[in-house]
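J.: I have a structure here, written as structure tokens, and I will follow up with some questions on it.
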Amino acid sequence: MSMERLWGLLQRAQQLSPRPTQTIYKRVEGPHQGPVEVEEEDQEEGAELPAHFCPMELKGPEPLGSVIPWAAAGRKAAPYLVLMALLIFTGAFLLGYVAFRGSCQACGDSVLVVSEDVNYELGLDYHRGRLYWSDLQAMFLRILGEGHLEDTIRQTSLRERVAGSAGTAALVQDILETLSRQKLDHVWTDTHYVGLQFPDPAHPNTLHWVDENEEVGEQLQLEDPDVYCPYSAPGNATGKLVYAHYGRPEDLQDLRARGVEPAGCLLLVRVGVTSFAQKVATAQGAGARGVLLFPDPADFSPDPHKPGLSSHRAVYGHVHLGTGDPYTPGFPSFNQTQFPPVESSGLPSIPAQPISADVASHLLRKLKGPVAPQEWQGHLSVSLYRLGPGPGLKLLVNNHRTSTPISNIFGCIEGFAEPDHYVVIGAQRDAWGPGAAKSAVGTAILLELVRAFSSMVSNGFRPRRSLLFISWDGGDFGSVGSTEWLEGYLSVLHLKAVAYVSLDNAVLGDDRLHAKTSPLLISLIENILKQVDSPNHSGQTLYEHVVFTNPSWDAEVIRPLPMDSSAYSFTAFAGVPAVEFSFMEDKQEYPFLSTKEDTYENLHKVLQGRLPAVAQAVAQLAGQLVIRLSHDHLLPLDFGRYGDVVLRHIGSLNEYSGDLKARGLTLQWVYSARGDYIRAAEKLRKEIYSSEESDERLMRMYNVRIMRVEFYFLSQYVSPADSPFRHIFLGRGDHTVGALLDHLQLLRPDDSGATRASSSGLAAGLGFEESRFRRQLALLTWTLQGAANALSGDVWNIDNNF
């Protein structure tokens, strides 16, 4: 039949029909349990047919009940109408398929098209196209480049920001006003009443000589007397002075090997390598009576062209071996609620005080005894560092505890598909001293990211998951603000928080990039490094710059999360994967951190004018990481990575398999649990690979399983109040892999467990105990097995032979 004849029949049928009707097919989500819903809809003459059809059974309109004259002609034309409809449908389907394939090849993830005009906002029914990752990335970088990072860093560093101070309260109001002007869905603050420790201006901390008759003699001027160690034990300590290098467990071992006993003495230790809290805890465990901490120029400024710390400056640092308010461990400090009268086990029982390099030089000149090893020698104005013991000293610390209100500031952009899942971005706001590198850089980057994402929202962008921006208070006292917030919402955060990105300590140099992170984020970090240009190597991405010097990029970049980072509490305490990016100087530390000289000017000099470029690079890293975490249909968390982590630890445990076998013990249960986890991860990966990304319900189900993987590695068999850091790989306590390895080292008399004891937070004890080992093995095995079971999904999908 010719097309002209077919067209004539169609026109005749249309003329005979008084009112055209169109069959509308409603899309029904999920499997159909009955016939497809059909709905009659009258249509105006000449109206266009809908462009979108669903591939489902075709049904015509119901009979009208009586035969009319034009019905016969309509019946004759019906086969041709059906044929034409099928041809139109097939053509539209093929055209749509080709367009869809093209979009898939261009990018795996997309959002709605947006206008270049930042003031234009899309309506809810706008669906005319897609914006791909490259477009979204370009929009973010363009908006971010319009900011004023350097000015914000400078202005913030000039503000007083000690936690609980009037200056901090004024800054809180300014930041609230800034956030309120952005396109955020929610802005609010919360207040915690926490116990902070401050020096007593009327009774400053002092250091005196003590003669052979234990008579207190001349006072040594501390030069920087208002610098102190928060959470030091108050009171006095008297003893002979011993130089203990960095105060690590191996340093104290070396002292004993050289005939110098640290017990009963005051230890003189250098700042760096380990935290103040670790140094004091190690000294206390060795029986020392007190600790003096000083900065050695050898650790900070080997480059004569870069500025160094003044010799009369001391370094500030808290000595609580933990995070949060140590006077309400495990409980949030809201509204001055009454809590059990307990204190954190991480509070030291000996006093500690920072001193300047000048005072340390004076003390080292008085020391006698063996000459310190060559690697212990520093750059103070002393011919040779000796170990001691030296003259007697009396240290008096008068710090006092004060109940102090601190405020965290929050801003939120709600997600459109999974608003109950949050990507959290945070930065410490407070600082002791100017705090340019300590917190001004992080605060400036946080505010710039808020501005950038707010502009993107105004430009039509809407993340799938919610973005939560937080300015923390009390960070200089041990991540107090962030930990108290986590304690307050611990029961729900593992269900809602996807990941945490910390902006603290972001720019301490420009030579090396470190990413302190959970294993779940390593693959995503690798991808993002390939997207960001190096700030000081033109034409190279950060990834290219790293692999040029070290093909094993992760060995160069990836570091474990340290306890003095707010990111640590998110992972080790709350079970949320976290990352903290830091640019560092090569082979030296930033000399001014936590001192009165941590100014914008000094930071700018250390980076030799590259501060804006380096801060911009961190903002790009964090921002693009946040975009992926908040907008990918499937969360880009590599849950298979923990299989490699377990395998690495099993390699360490295997070294002791022969010793255990001789005692009738075995590690077989750990091997079995590791195997179950690997199989569960591979099974989930295959399920995801064979699923349709367009199935929102299925994607959400997978995302819920993926985002809780970190939480699975928190031991459910220990109390959060007694062992807050329950993570079996990153935490502290007898339930951790580190503690198990420490214990196994006691099987070999020639090996000392002291070196690893600090990593687990436990003393080695009197020797190997089989009952303790069995309990440790059970805690590790069942936490790992629980992670495997949870990753498997529903209970009927779990297949193990335990």
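Each chain in the structure tokens gets a letter, A, B and so on, in the order shown; residues start at 1 in every chain, and ligands are counted from 1 in the order they appear.
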If you run DSSP on the backbone, which residues of segment 395-496 of chain A are strand (DSSP E), as number ranges by chain?

T.: A: 395-397, 400-413, 418-428, 465-472

J.: Would you save the residues of that selection, restricted to N, CA, C and O atoms, as a tab-separated table (two decimals), in the first residue's frame?

T.:
chain	number	residue	atom	x	y	z
A	395	LEU	N	59.38	21.75	89.05
A	395	LEU	CA	58.38	22.29	88.12
A	395	LEU	C	57.07	22.48	88.87
A	395	LEU	O	56.58	21.56	89.54
A	396	LEU	N	56.50	23.69	88.80
A	396	LEU	CA	55.22	23.99	89.43
A	396	LEU	C	54.23	24.41	88.36
A	396	LEU	O	54.47	25.37	87.62
A	397	VAL	N	53.11	23.70	88.27
A	397	VAL	CA	52.06	23.98	87.29
A	397	VAL	C	50.78	24.35	88.04
A	397	VAL	O	50.31	23.59	88.88
A	400	HIS	N	44.26	25.73	85.84
A	400	HIS	CA	43.01	25.42	86.51
A	400	HIS	C	41.91	25.15	85.49
A	400	HIS	O	41.91	25.69	84.38
A	401	ARG	N	40.97	24.31	85.89
A	401	ARG	CA	39.87	23.92	85.02
A	401	ARG	C	38.74	24.93	85.12
A	401	ARG	O	38.38	25.39	86.20
A	402	THR	N	38.14	25.27	83.94
A	402	THR	CA	37.03	26.22	83.89
A	402	THR	C	35.93	25.67	83.00
A	402	THR	O	36.21	25.19	81.89
A	403	SER	N	34.68	25.74	83.47
A	403	SER	CA	33.55	25.36	82.62
A	403	SER	C	33.34	26.47	81.59
A	403	SER	O	33.06	27.61	81.95
A	404	THR	N	33.45	26.13	80.31
A	404	THR	CA	33.48	27.13	79.25
A	404	THR	C	32.47	26.79	78.17
A	404	THR	O	32.46	25.66	77.66
A	405	PRO	N	31.62	27.73	77.76
A	405	PRO	CA	30.73	27.47	76.61
A	405	PRO	C	31.48	27.60	75.30
A	405	PRO	O	32.22	28.56	75.08
A	406	ILE	N	31.32	26.62	74.43
A	406	ILE	CA	31.90	26.68	73.08
A	406	ILE	C	30.77	26.48	72.08
A	406	ILE	O	29.77	25.82	72.38
A	407	SER	N	30.93	27.04	70.90
A	407	SER	CA	29.85	27.01	69.90
A	407	SER	C	30.35	26.46	68.57
A	407	SER	O	31.35	26.93	68.02
A	408	ASN	N	29.65	25.45	68.06
A	408	ASN	CA	29.86	24.97	66.70
A	408	ASN	C	28.84	25.63	65.79
A	408	ASN	O	27.69	25.84	66.18
A	409	ILE	N	29.24	25.94	64.56
A	409	ILE	CA	28.37	26.63	63.61
A	409	ILE	C	28.09	25.68	62.44
A	409	ILE	O	29.02	25.06	61.91
A	410	PHE	N	26.83	25.59	62.02
A	410	PHE	CA	26.42	24.65	60.99
A	410	PHE	C	25.71	25.36	59.84
A	410	PHE	O	24.94	26.30	60.06
A	411	GLY	N	25.94	24.90	58.63
A	411	GLY	CA	25.20	25.32	57.45
A	411	GLY	C	24.92	24.10	56.60
A	411	GLY	O	25.78	23.22	56.46
A	412	CYS	N	23.73	24.01	56.02
A	412	CYS	CA	23.32	22.79	55.32
A	412	CYS	C	22.68	23.10	53.98
A	412	CYS	O	21.88	24.03	53.86
A	413	ILE	N	23.05	22.32	52.96
A	413	ILE	CA	22.36	22.28	51.67
A	413	ILE	C	21.72	20.90	51.58
A	413	ILE	O	22.42	19.88	51.57
A	418	GLU	N	18.70	11.81	48.45
A	418	GLU	CA	18.97	11.17	49.75
A	418	GLU	C	19.28	12.26	50.78
A	418	GLU	O	20.40	12.36	51.27
A	419	PRO	N	18.30	13.09	51.11
A	419	PRO	CA	18.58	14.21	52.01
A	419	PRO	C	18.97	13.78	53.42
A	419	PRO	O	19.58	14.56	54.16
A	420	ASP	N	18.66	12.55	53.78
A	420	ASP	CA	18.99	12.06	55.12
A	420	ASP	C	20.39	11.48	55.20
A	420	ASP	O	20.80	10.97	56.25
A	421	HIS	N	21.15	11.56	54.11
A	421	HIS	CA	22.55	11.15	54.12
A	421	HIS	C	23.41	12.39	53.93
A	421	HIS	O	23.20	13.16	52.99
A	422	TYR	N	24.42	12.57	54.82
A	422	TYR	CA	25.19	13.81	54.84
A	422	TYR	C	26.64	13.57	54.44
A	422	TYR	O	27.26	12.60	54.87
A	423	VAL	N	27.18	14.51	53.67
A	423	VAL	CA	28.62	14.63	53.50
A	423	VAL	C	29.04	15.82	54.35
A	423	VAL	O	28.56	16.93	54.15
A	424	VAL	N	29.92	15.58	55.32
A	424	VAL	CA	30.27	16.60	56.32
A	424	VAL	C	31.64	17.20	55.99
A	424	VAL	O	32.60	16.46	55.73
A	425	ILE	N	31.71	18.53	55.99
A	425	ILE	CA	32.96	19.25	55.76
A	425	ILE	C	33.19	20.16	56.96
A	425	ILE	O	32.31	20.96	57.29
A	426	GLY	N	34.33	20.04	57.62
A	426	GLY	CA	34.54	20.81	58.85
A	426	GLY	C	35.93	21.40	58.95
A	426	GLY	O	36.88	20.93	58.33
A	427	ALA	N	36.02	22.46	59.77
A	427	ALA	CA	37.31	23.11	60.02
A	427	ALA	C	37.32	23.70	61.42
A	427	ALA	O	36.30	24.24	61.87
A	428	GLN	N	38.44	23.58	62.09
A	428	GLN	CA	38.62	24.20	63.41
A	428	GLN	C	38.64	25.71	63.26
A	428	GLN	O	39.27	26.25	62.35
A	465	ARG	N	22.89	14.08	47.86
A	465	ARG	CA	22.94	13.96	49.32
A	465	ARG	C	23.21	15.32	49.93
A	465	ARG	O	23.74	16.21	49.29
A	466	SER	N	22.87	15.47	51.18
A	466	SER	CA	23.00	16.76	51.84
A	466	SER	C	24.46	17.09	52.13
A	466	SER	O	25.27	16.20	52.39
A	467	LEU	N	24.78	18.37	52.08
A	467	LEU	CA	26.10	18.88	52.45
A	467	LEU	C	25.97	19.59	53.78
A	467	LEU	O	25.12	20.46	53.95
A	468	LEU	N	26.83	19.22	54.72
A	468	LEU	CA	26.81	19.82	56.05
A	468	LEU	C	28.16	20.47	56.32
A	468	LEU	O	29.19	19.79	56.42
A	469	PHE	N	28.18	21.80	56.37
A	469	PHE	CA	29.40	22.57	56.62
A	469	PHE	C	29.44	22.95	58.10
A	469	PHE	O	28.47	23.51	58.62
A	470	ILE	N	30.59	22.69	58.77
A	470	ILE	CA	30.66	22.92	60.22
A	470	ILE	C	31.96	23.65	60.58
A	470	ILE	O	33.05	23.26	60.15
A	471	SER	N	31.83	24.70	61.38
A	471	SER	CA	32.97	25.40	61.96
A	471	SER	C	33.06	24.98	63.43
A	471	SER	O	32.18	25.29	64.24
A	472	TRP	N	34.15	24.25	63.76
A	472	TRP	CA	34.29	23.67	65.09
A	472	TRP	C	34.95	24.64	66.07
A	472	TRP	O	35.85	25.40	65.69

J.: Using backbone DSSP assignments, extract all alpha helix (DSSP H) residues from segment 532-758 of chain A; output them as JSON, numbers by chain.

T.: {"A": [542, 543, 544, 545, 546, 547, 548, 549, 553, 554, 555, 556, 557, 566, 567, 568, 600, 601, 602, 603, 604, 605, 606, 611, 612, 613, 614, 615, 616, 617, 618, 619, 620, 621, 622, 623, 624, 625, 626, 627, 628, 629, 630, 631, 641, 642, 643, 644, 645, 646, 647, 648, 649, 650, 651, 652, 653, 654, 657, 658, 659, 660, 661, 662, 668, 669, 670, 671, 672, 673, 674, 675, 676, 677, 678, 679, 680, 681, 682, 683, 684, 685, 686, 687, 688, 689, 696, 697, 698, 699, 700, 701, 702, 703, 704, 705, 706, 707, 709, 710, 711, 712, 737, 738, 739, 740, 741, 742, 743, 744, 745, 754, 755, 756, 757, 758]}

J.: Just checking: using only C-alpha atoms, which residue out of A:Arg429, A:Lys438, A:His494, A:Lys306 ends up closest to Ala506 of chain A?

T.: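 Of A:Arg429, A:Lys438, A:His494, A:Lys306, the one nearest Ala506 of chain A is A:Lys438, counting only C-alpha atoms.
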
J.: Extract, using only C-alpha atoms, all DNA, RNA and protein residues at most 8 Å from Phe294 of chain A, discarding same-chain residues fewer than 3 positions from it, and format them as a list in words.

T.: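 Contacts, with the query itself left out: Leu268, Val269, Arg270, Val271, Ala314, Val315, Pro354, Ile355, Ser356, Ala357 and Ala360 of chain A.
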
J.: Using only C-alpha atoms, which of the listed residues (A:Arg700, A:Gln608, A:Ala436, A:Leu744) sits closest to Asp659 of chain A?

T.: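 Using only C-alpha atoms, the shortest distance to Asp659 of chain A belongs to A:Leu744.
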